[in-house]
Structure formats: C-alpha cells, structure tokens
>>> print(open('entry-v9.pdb').read())   # PDB, C-alpha atoms
ATOM      1  CA  MET C   1      -6.520   3.140  42.702
ATOM      2  CA  ARG C   2      -9.400   4.218  40.450
ATOM      3  CA  LEU C   3      -6.906   5.580  37.908
ATOM      4  CA  ILE C   4      -4.953   2.329  37.924
ATOM      5  CA  ALA C   5      -8.147   0.326  37.493
ATOM      6  CA  ALA C   6      -9.266   2.552  34.629
ATOM      7  CA  LEU C   7      -5.910   2.168  32.859
ATOM      8  CA  ALA C   8      -6.030  -1.600  33.319
ATOM      9  CA  LEU C   9      -9.539  -1.724  31.846
ATOM     10  CA  ALA C  10      -8.448   0.404  28.889
ATOM     11  CA  CYS C  11      -5.580  -1.989  28.188
ATOM     12  CA  LEU C  12      -7.988  -4.906  28.188
ATOM     13  CA  LEU C  13     -10.302  -3.135  25.752
ATOM     14  CA  VAL C  14      -7.513  -2.378  23.274
ATOM     15  CA  VAL C  15      -7.381  -5.511  21.149
ATOM     16  CA  PRO C  16      -4.706  -5.544  18.435
ATOM     17  CA  ALA C  17      -5.742  -6.165  14.866
ATOM     18  CA  ARG C  18      -5.869  -9.821  13.885
ATOM     19  CA  ALA C  19      -2.866 -10.705  11.724
ATOM     20  CA  GLU C  20      -2.410 -13.766   9.520
ATOM     21  CA  VAL C  21      -1.309 -15.073   6.148
ATOM     22  CA  VAL C  22      -4.245 -15.779   3.839
ATOM     23  CA  SER C  23      -3.848 -17.852   0.671
ATOM     24  CA  VAL C  24      -5.814 -16.555  -2.313
ATOM     25  CA  PRO C  25      -6.412 -19.084  -5.091
ATOM     26  CA  LEU C  26      -5.953 -18.230  -8.758
ATOM     27  CA  PRO C  27      -7.923 -20.457 -11.157
ATOM     28  CA  GLY C  28      -5.605 -22.403 -13.424
ATOM     29  CA  ALA C  29      -2.469 -21.566 -11.420
ATOM     30  CA  SER C  30      -0.333 -24.197  -9.725
ATOM     31  CA  GLU C  31       0.008 -22.169  -6.544
ATOM     32  CA  PRO C  32      -2.047 -19.508  -4.771
ATOM     33  CA  THR C  33      -1.061 -15.934  -4.017
ATOM     34  CA  GLN C  34      -0.036 -15.473  -0.401
ATOM     35  CA  THR C  35      -1.245 -12.332   1.328
ATOM     36  CA  PHE C  36      -0.678 -10.908   4.781
ATOM     37  CA  LEU C  37      -3.786  -9.491   6.431
ATOM     38  CA  TRP C  38      -4.174  -7.089   9.325
ATOM     39  CA  GLU C  39      -7.928  -7.217  10.001
ATOM     40  CA  ALA C  40      -9.278  -4.023  11.553
ATOM     41  CA  LYS C  41     -11.930  -4.306  14.261
ATOM     42  CA  ALA C  42     -14.139  -1.713  12.607
ATOM     43  CA  GLY C  43     -12.980  -1.812   8.998
ATOM     44  CA  LYS C  44     -14.637   0.483   6.471
ATOM     45  CA  LYS C  45     -12.380  -0.268   3.522
ATOM     46  CA  VAL C  46      -9.604  -2.606   2.348
ATOM     47  CA  LEU C  47      -6.125  -1.411   1.354
ATOM     48  CA  ILE C  48      -4.136  -3.895  -0.739
ATOM     49  CA  MET C  49      -0.447  -3.041  -0.906
ATOM     50  CA  ILE C  50       1.796  -4.213  -3.761
ATOM     51  CA  PRO C  51       5.466  -4.246  -2.611
ATOM     52  CA  GLY C  52       8.387  -2.802  -4.520
ATOM     53  CA  GLY C  53      11.715  -4.388  -5.339
ATOM     54  CA  GLU C  54      11.135  -7.789  -6.927
ATOM     55  CA  GLY C  55       7.812  -8.116  -5.143
ATOM     56  CA  HIS C  56       8.521 -11.513  -3.573
ATOM     57  CA  LEU C  57       8.383 -11.667   0.242
ATOM     58  CA  GLY C  58       8.188 -15.425   0.747
ATOM     59  CA  LEU C  59       5.094 -15.435   2.951
ATOM     60  CA  ALA C  60       3.871 -18.796   4.223
ATOM     61  CA  PRO C  61       0.697 -19.899   6.014
ATOM     62  CA  GLY C  62       0.943 -19.745   9.788
ATOM     63  CA  ARG C  63       2.840 -16.493   9.959
ATOM     64  CA  THR C  64       1.239 -13.932  12.283
ATOM     65  CA  SER C  65       3.655 -11.006  12.159
ATOM     66  CA  LEU C  66       5.267  -8.880   9.472
ATOM     67  CA  GLY C  67       7.860  -6.292  10.365
ATOM     68  CA  GLY C  68       9.982  -3.680   8.618
ATOM     69  CA  PHE C  69       8.281  -1.178   6.336
ATOM     70  CA  TYR C  70       5.085  -3.223   6.279
ATOM     71  CA  GLY C  71       4.614  -3.526  10.015
ATOM     72  CA  SER C  72       5.595   0.068  10.785
ATOM     73  CA  VAL C  73       3.842   1.916   7.940
ATOM     74  CA  LEU C  74       0.894  -0.320   7.007
ATOM     75  CA  GLY C  75       0.003  -2.301  10.135
ATOM     76  CA  PRO C  76      -0.944   0.825  12.122
ATOM     77  CA  LEU C  77      -3.750   1.582   9.662
ATOM     78  CA  ALA C  78      -5.688  -1.306  11.238
ATOM     79  CA  GLU C  79      -4.923  -0.204  14.816
ATOM     80  CA  SER C  80      -7.325   2.239  16.465
ATOM     81  CA  THR C  81      -4.662   3.222  19.014
ATOM     82  CA  LEU C  82      -2.478   4.693  16.255
ATOM     83  CA  THR C  83      -4.888   5.755  13.480
ATOM     84  CA  SER C  84      -8.611   5.668  12.803
ATOM     85  CA  GLY C  85      -8.155   1.879  12.746
ATOM     86  CA  THR C  86     -10.778   1.533  10.030
ATOM     87  CA  THR C  87      -8.692  -0.041   7.274
ATOM     88  CA  HIS C  88      -8.204  -3.746   6.673
ATOM     89  CA  VAL C  89      -4.627  -3.926   5.361
ATOM     90  CA  VAL C  90      -3.450  -6.610   2.914
ATOM     91  CA  VAL C  91       0.112  -7.114   1.673
ATOM     92  CA  PHE C  92       0.342  -8.903  -1.679
ATOM     93  CA  ASP C  93       3.212 -11.373  -2.154
ATOM     94  CA  SER C  94       4.183 -12.408  -5.668
ATOM     95  CA  PRO C  95       5.034 -16.148  -5.703
ATOM     96  CA  TYR C  96       8.018 -15.380  -7.923
ATOM     97  CA  ALA C  97      10.500 -12.547  -8.315
ATOM     98  CA  LEU C  98       9.532  -9.752 -10.680
ATOM     99  CA  PRO C  99      12.626  -8.389 -12.503
ATOM    100  CA  VAL C 100      13.105  -4.687 -11.783
ATOM    101  CA  GLY C 101      14.278  -3.778 -15.300
ATOM    102  CA  THR C 102      16.551  -0.878 -16.148
ATOM    103  CA  THR C 103      14.188   1.915 -17.200
ATOM    104  CA  TYR C 104      10.748   0.387 -16.553
ATOM    105  CA  PRO C 105       9.787  -2.874 -14.779
ATOM    106  CA  VAL C 106       7.785  -4.500 -17.581
ATOM    107  CA  SER C 107       7.363  -7.586 -15.382
ATOM    108  CA  ARG C 108       4.763  -5.540 -13.474
ATOM    109  CA  ALA C 109       2.560  -5.588 -16.578
ATOM    110  CA  GLY C 110       2.690  -9.382 -16.949
ATOM    111  CA  ALA C 111      -0.613 -11.185 -17.456
ATOM    112  CA  ASP C 112      -0.163 -13.609 -14.537
ATOM    113  CA  HIS C 113       0.914 -10.848 -12.158
ATOM    114  CA  LEU C 114      -2.087  -8.670 -12.996
ATOM    115  CA  ALA C 115      -4.429 -11.677 -12.834
ATOM    116  CA  ARG C 116      -3.159 -12.372  -9.318
ATOM    117  CA  ILE C 117      -3.816  -8.789  -8.268
ATOM    118  CA  GLU C 118      -7.334  -9.059  -9.688
ATOM    119  CA  SER C 119      -8.001 -12.306  -7.834
ATOM    120  CA  VAL C 120      -6.810 -10.729  -4.558
ATOM    121  CA  VAL C 121      -8.957  -7.626  -5.124
ATOM    122  CA  ARG C 122     -12.044  -9.741  -5.806
ATOM    123  CA  PHE C 123     -11.283 -12.080  -2.891
ATOM    124  CA  TYR C 124     -11.090  -9.323  -0.288
ATOM    125  CA  ARG C 125     -14.017  -7.387  -1.717
ATOM    126  CA  ALA C 126     -16.093 -10.550  -1.294
ATOM    127  CA  ARG C 127     -14.659 -11.293   2.148
ATOM    128  CA  PHE C 128     -15.338  -7.889   3.680
ATOM    129  CA  GLY C 129     -17.913  -6.308   1.372
ATOM    130  CA  LYS C 130     -16.024  -3.008   1.562
ATOM    131  CA  PRO C 131     -14.436  -0.606  -0.949
ATOM    132  CA  VAL C 132     -10.993  -1.739  -2.097
ATOM    133  CA  TRP C 133      -8.022   0.607  -2.437
ATOM    134  CA  LEU C 134      -4.680  -0.273  -4.000
ATOM    135  CA  MET C 135      -1.299   0.983  -2.819
ATOM    136  CA  GLY C 136       1.975   0.494  -4.657
ATOM    137  CA  HIS C 137       5.384   1.302  -3.229
ATOM    138  CA  SER C 138       8.327   1.966  -5.576
ATOM    139  CA  ASN C 139       8.124  -0.704  -8.318
ATOM    140  CA  GLY C 140       4.791  -1.729  -6.814
ATOM    141  CA  ALA C 141       3.388   1.600  -7.977
ATOM    142  CA  VAL C 142       3.880   0.375 -11.545
ATOM    143  CA  SER C 143       1.826  -2.729 -10.748
ATOM    144  CA  VAL C 144      -0.993  -0.536  -9.445
ATOM    145  CA  ALA C 145      -0.853   1.809 -12.431
ATOM    146  CA  GLU C 146      -0.889  -1.091 -14.900
ATOM    147  CA  PHE C 147      -3.770  -2.733 -13.060
ATOM    148  CA  ILE C 148      -6.032   0.312 -12.860
ATOM    149  CA  ARG C 149      -5.332   1.097 -16.517
ATOM    150  CA  ARG C 150      -7.005  -2.208 -17.339
ATOM    151  CA  ASN C 151      -9.468  -2.516 -14.438
ATOM    152  CA  PRO C 152     -10.474   0.943 -13.174
ATOM    153  CA  ASP C 153     -13.918  -0.276 -12.137
ATOM    154  CA  LEU C 154     -12.435  -2.733  -9.614
ATOM    155  CA  VAL C 155     -10.675  -0.050  -7.569
ATOM    156  CA  ASP C 156     -12.068   2.615  -5.217
ATOM    157  CA  GLY C 157      -8.856   4.531  -4.536
ATOM    158  CA  ALA C 158      -5.106   4.416  -5.172
ATOM    159  CA  ILE C 159      -1.956   5.387  -3.295
ATOM    160  CA  PHE C 160       1.449   5.668  -4.940
ATOM    161  CA  SER C 161       4.348   5.870  -2.473
ATOM    162  CA  SER C 162       7.986   6.437  -3.500
ATOM    163  CA  SER C 163       6.699   5.481  -6.932
ATOM    164  CA  ARG C 164       8.950   4.399  -9.762
ATOM    165  CA  SER C 165       9.315   7.069 -12.436
ATOM    166  CA  GLY C 166       7.038   6.522 -15.401
ATOM    167  CA  VAL C 167       3.808   5.793 -13.537
ATOM    168  CA  GLN C 168       0.766   7.073 -15.436
ATOM    169  CA  VAL C 169      -2.839   7.613 -14.349
ATOM    170  CA  ALA C 170      -5.578   8.657 -16.773
ATOM    171  CA  PRO C 171      -7.672  11.759 -15.965
ATOM    172  CA  SER C 172     -10.758   9.616 -16.588
ATOM    173  CA  VAL C 173     -10.059   7.634 -13.398
ATOM    174  CA  SER C 174     -12.836   8.718 -11.043
ATOM    175  CA  PHE C 175     -11.508   7.525  -7.681
ATOM    176  CA  PRO C 176      -9.186   9.479  -5.328
ATOM    177  CA  VAL C 177      -5.420   9.214  -5.812
ATOM    178  CA  LEU C 178      -2.624  10.049  -3.362
ATOM    179  CA  PHE C 179       1.081  10.415  -4.174
ATOM    180  CA  LEU C 180       3.489  10.132  -1.248
ATOM    181  CA  HIS C 181       7.215  10.853  -1.443
ATOM    182  CA  HIS C 182      10.050  11.648   0.932
ATOM    183  CA  GLN C 183      11.726  14.940   0.161
ATOM    184  CA  LEU C 184      15.203  13.407   0.568
ATOM    185  CA  ASP C 185      14.611  10.145  -1.281
ATOM    186  CA  GLY C 186      17.913   9.251  -2.953
ATOM    187  CA  CYS C 187      16.614   6.409  -5.124
ATOM    188  CA  ALA C 188      17.356   7.388  -8.740
ATOM    189  CA  GLY C 189      14.421   5.363 -10.061
ATOM    190  CA  ALA C 190      11.854   7.179  -7.894
ATOM    191  CA  ASP C 191      11.994  10.788  -9.044
ATOM    192  CA  PRO C 192       9.054  12.660  -7.448
ATOM    193  CA  ARG C 193       9.162  15.266 -10.214
ATOM    194  CA  SER C 194       7.583  12.659 -12.477
ATOM    195  CA  ASP C 195       4.557  12.412 -10.156
ATOM    196  CA  LEU C 196       4.358  16.187  -9.711
ATOM    197  CA  ARG C 197       4.149  16.601 -13.488
ATOM    198  CA  LEU C 198       1.460  13.907 -13.587
ATOM    199  CA  ILE C 199      -0.577  15.685 -10.918
ATOM    200  CA  ASP C 200      -0.369  18.927 -12.873
ATOM    201  CA  GLN C 201      -1.679  17.096 -15.928
ATOM    202  CA  LEU C 202      -4.514  15.475 -13.959
ATOM    203  CA  ARG C 203      -5.593  18.765 -12.399
ATOM    204  CA  ALA C 204      -5.381  20.551 -15.727
ATOM    205  CA  ALA C 205      -7.765  17.917 -17.073
ATOM    206  CA  GLY C 206     -10.220  18.650 -14.255
ATOM    207  CA  LYS C 207      -9.418  15.901 -11.738
ATOM    208  CA  ARG C 208      -9.760  17.272  -8.197
ATOM    209  CA  ASN C 209      -9.552  14.238  -5.905
ATOM    210  CA  VAL C 210      -5.790  13.905  -6.260
ATOM    211  CA  SER C 211      -3.184  14.934  -3.702
ATOM    212  CA  PHE C 212       0.578  14.951  -3.133
ATOM    213  CA  VAL C 213       2.218  14.678   0.304
ATOM    214  CA  TRP C 214       5.874  15.322   1.101
ATOM    215  CA  LEU C 215       7.478  13.500   4.032
ATOM    216  CA  ARG C 216      10.376  15.362   5.648
ATOM    217  CA  GLY C 217      11.413  13.501   8.807
ATOM    218  CA  GLY C 218      13.371  10.296   9.270
ATOM    219  CA  SER C 219      16.959   9.442   8.477
ATOM    220  CA  PRO C 220      19.117   7.619   5.906
ATOM    221  CA  GLU C 221      20.606   4.152   6.344
ATOM    222  CA  GLN C 222      23.934   2.758   5.187
ATOM    223  CA  LYS C 223      22.257   0.518   2.636
ATOM    224  CA  SER C 224      20.945   0.756  -0.910
ATOM    225  CA  PRO C 225      19.049   4.067  -1.263
ATOM    226  CA  CYS C 226      16.305   2.214  -3.148
ATOM    227  CA  ALA C 227      15.739  -0.344  -0.381
ATOM    228  CA  SER C 228      16.241   1.615   2.821
ATOM    229  CA  GLY C 229      16.297   4.998   4.524
ATOM    230  CA  TYR C 230      14.204   7.821   3.123
ATOM    231  CA  HIS C 231      12.893   5.703   0.243
ATOM    232  CA  MET C 232      11.345   3.338   2.799
ATOM    233  CA  PHE C 233      10.274   6.180   5.140
ATOM    234  CA  PHE C 234      12.757   5.027   7.792
ATOM    235  CA  GLY C 235      12.181   7.122  10.909
ATOM    236  CA  ALA C 236       9.186   8.808   9.280
ATOM    237  CA  GLU C 237       6.808   5.864   9.543
ATOM    238  CA  ALA C 238       4.280   7.704  11.741
ATOM    239  CA  ASP C 239       4.149  10.644   9.343
ATOM    240  CA  ALA C 240       3.523   8.188   6.507
ATOM    241  CA  PHE C 241       0.710   6.188   8.083
ATOM    242  CA  LYS C 242      -0.972   9.342   9.398
ATOM    243  CA  ALA C 243      -0.929  10.888   5.914
ATOM    244  CA  ILE C 244      -2.360   7.713   4.386
ATOM    245  CA  ASP C 245      -5.029   7.383   7.071
ATOM    246  CA  ALA C 246      -6.080  11.032   6.722
ATOM    247  CA  PHE C 247      -6.447  10.721   2.955
ATOM    248  CA  ILE C 248      -8.375   7.452   3.014
ATOM    249  CA  THR C 249     -10.762   8.479   5.788
ATOM    250  CA  ALA C 250     -11.538  11.728   3.963
ATOM    251  CA  TYR C 251     -13.370   9.532   1.436
ATOM    252  CA  ASP C 252     -15.232   7.269   3.876
TER     253      ASP C 252
END
>>> encode(input="entry-v9.pdb", output="structure tokens")
Amino acid sequence: MRLIAALALACLLVVPARAEVVSVPLPGASEPTQTFLWEAKAGKKVLIMIPGGEGHLGLAPGRTSLGGFYGSVLGPLAESTLTSGTTHVVVFDSPYALPVGTTYPVSRAGADHLARIESVVRFYRARFGKPVWLMGHSNGAVSVAEFIRRNPDLVDGAIFSSSRSGVQVAPSVSFPVLFLHHQLDGCAGADPRSDLRLIDQLRAAGKRNVSFVWLRGGSPEQKSPCASGYHMFFGAEADAFKAIDAFITAYD
C-alpha cells in the first residue's frame, strides 16, 4: 500500500510543461509571428527552433499541443521526466511559405523573415530573462546561420540539425555550436559532409565549443526522404533530444 501511495504521489508531482501558442508582434507588420511554447517548470535557457521545409506550420492561438517531429524531439526538452527539463522550447512559425530554392533557400535570408526571428528572440529573452539558443532543422538551419551572421550578440548557442548544405558559421562566433545528423539521412540537400568540413575549419581556427553528433537508430518511412524518416529522426527521437539536452546543459 505504501508503494502504491508513493507512486500516486509521484504522479501528482509530475506536472507536464505548459504548452500554448504565443503571438509575437512585429512593429510595422500586418500580422504577428505565431510561436508554440513549451514552458519548462525550472527553465534555465530558451531554445527557439526554426522549422525546415517552407517554414509555415499554420499555428493559431488556442492550440495547446504540437505533435510530429516537434512534439517528439523538442517537447521533451521541457519535461523533467524525459530530460533535465530545464529548457523553455519555442517553435517559430513563419506566417508565409518560404520557397526552398534549388541550391540554396535565399528566402531564409529575407529581411522580414530575419526581422521576425529577431523579434521572437528579443520577446522570449524579455519574457524569461534567460539565455537564448537558436536551433534550425534542415532549411531552418539556413535561417539560423543567416541570423547569427548578422546578429551574433543576440544568441547564446546554436544547434544545426539535418542542416541544409551550404550553412556557414564564422570562427569568431563565441557561443557553443552543435551539429546533429542521422547517419542514414537520404535527403540530398542535407549532406553532413558539408558540416563536417565546416567543423574542421572552425577547429583549425581555434574554436573549441563546437561538436558533431551522429544519430544511428530509427527507421525510414515511405515518404519524401527530406520530410520523413531518418531526416526527421523518425524512431530516433529519444537519441536526438538526449543529445541536444546533454549539449545545452553542459553550458548551463
């Protein structure tokens, strides 16, 4: 009976992270940027994730859940039952589609897009008073790279996952950087060799707080290789969020 009571009490004490859509205004814009927030109970930093693809999720106020890649890889970072639970997680939603391009998604360098990222970074830094990290997945990695090239002082760390080939980071960037790829990623636009060469360049220039993690588990899906399966860490979600959590908390 004591064991049952103890388990019941533990269940009551485990409170899931608060989840909601938060609208972030952009001065001069006709519409705000919608973001999805998982608010950690004991947050020490904020991770803002910029999605890949065309970057438009269609978030709307009132929504309290977000599944797929976001819920399985990012949500756990705010849950103390699965990770350290010390990261407030924000998913950025572009109000319009960002063309993917053929060789490089130049839409990710657009003035309005980068201004929206800046407004979201400043909004959540003010809201929580914590360091702000950026994470970009696939095409979203280009958004992060373009943003930190212009605003390195607004960012405290960066994570590039399944990043689009062509991403560049200057050795002068002082904050920690993580690259995360699946070993069997079949998306032609996300060649990990590009990031491995970049890491070699960064280390040769003296940067030490940079790391590369291979994911090896999971499985493919019968869908586009750039929108499913290994590219989206399908079946390897726990390995992904544990790697991200370990890297971020190492710099608490």
>>> closest_atom_pairs(input="entry-v9.pdb", of="region 68-129 of chain C", to="region 134-152 of chain C", cutoff="9 Å", atoms="all atoms listed in the file", output="JSON lines")
{"residue": "C:Val100", "atom": "CA", "partner": "C:Asn139", "partner_atom": "CA", "distance": 7.3}
{"residue": "C:Tyr104", "atom": "CA", "partner": "C:Val142", "partner_atom": "CA", "distance": 8.5}
{"residue": "C:Pro105", "atom": "CA", "partner": "C:Asn139", "partner_atom": "CA", "distance": 7.0}
{"residue": "C:Val106", "atom": "CA", "partner": "C:Val142", "partner_atom": "CA", "distance": 8.7}
{"residue": "C:Ser107", "atom": "CA", "partner": "C:Ser143", "partner_atom": "CA", "distance": 8.7}
{"residue": "C:Arg108", "atom": "CA", "partner": "C:Ser143", "partner_atom": "CA", "distance": 4.9}
{"residue": "C:Ala109", "atom": "CA", "partner": "C:Glu146", "partner_atom": "CA", "distance": 5.9}
{"residue": "C:His113", "atom": "CA", "partner": "C:Ser143", "partner_atom": "CA", "distance": 8.3}
{"residue": "C:Leu114", "atom": "CA", "partner": "C:Phe147", "partner_atom": "CA", "distance": 6.2}
{"residue": "C:Ala115", "atom": "CA", "partner": "C:Phe147", "partner_atom": "CA", "distance": 9.0}
{"residue": "C:Ile117", "atom": "CA", "partner": "C:Phe147", "partner_atom": "CA", "distance": 7.7}
{"residue": "C:Glu118", "atom": "CA", "partner": "C:Phe147", "partner_atom": "CA", "distance": 8.0}
{"residue": "C:Val121", "atom": "CA", "partner": "C:Leu134", "partner_atom": "CA", "distance": 8.6}
>>> closest_residue(input="entry-v9.pdb", among="C:Val91, C:Leu154, C:Ile159, C:Ala40", to="Ile244 (chain C)", atoms="all atoms listed in the file")
C:Ile159
>>> closest_residue(input="entry-v9.pdb", among="C:Pro76, C:Pro51, C:Gly129, C:Pro192", to="Asp93 (chain C)", atoms="all atoms listed in the file")
C:Pro51
>>> closest_residue(input="entry-v9.pdb", among="C:Pro171, C:Gly68, C:Gly52, C:Pro99", to="Ala190 (chain C)", atoms="only C-alpha atoms")
C:Gly52
>>> closest_residue(input="entry-v9.pdb", among="C:Arg208, C:Arg122, C:Lys130, C:His181", to="Leu196 (chain C)", atoms="all atoms listed in the file")
C:His181
>>> resolve_selection(input="entry-v9.pdb", expression="the PyMOL selection byres ((chain C and resi 248) around 12)", output="PyMOL selection string")
chain C and resi 43-47+77+83-88+131-135+156-159+175-178+209-211+241-247+249-252
>>> atom_distance(input="entry-v9.pdb", atom1="CA of Leu82 (chain C)", atom2="CA of Val120 (chain C)")
26.3 Å
>>> atom_distance(input="entry-v9.pdb", atom1="CA of Met232 (chain C)", atom2="CA of Pro16 (chain C)")
24.1 Å
>>> atom_distance(input="entry-v9.pdb", atom1="CA of Leu215 (chain C)", atom2="CA of Gly55 (chain C)")
23.5 Å
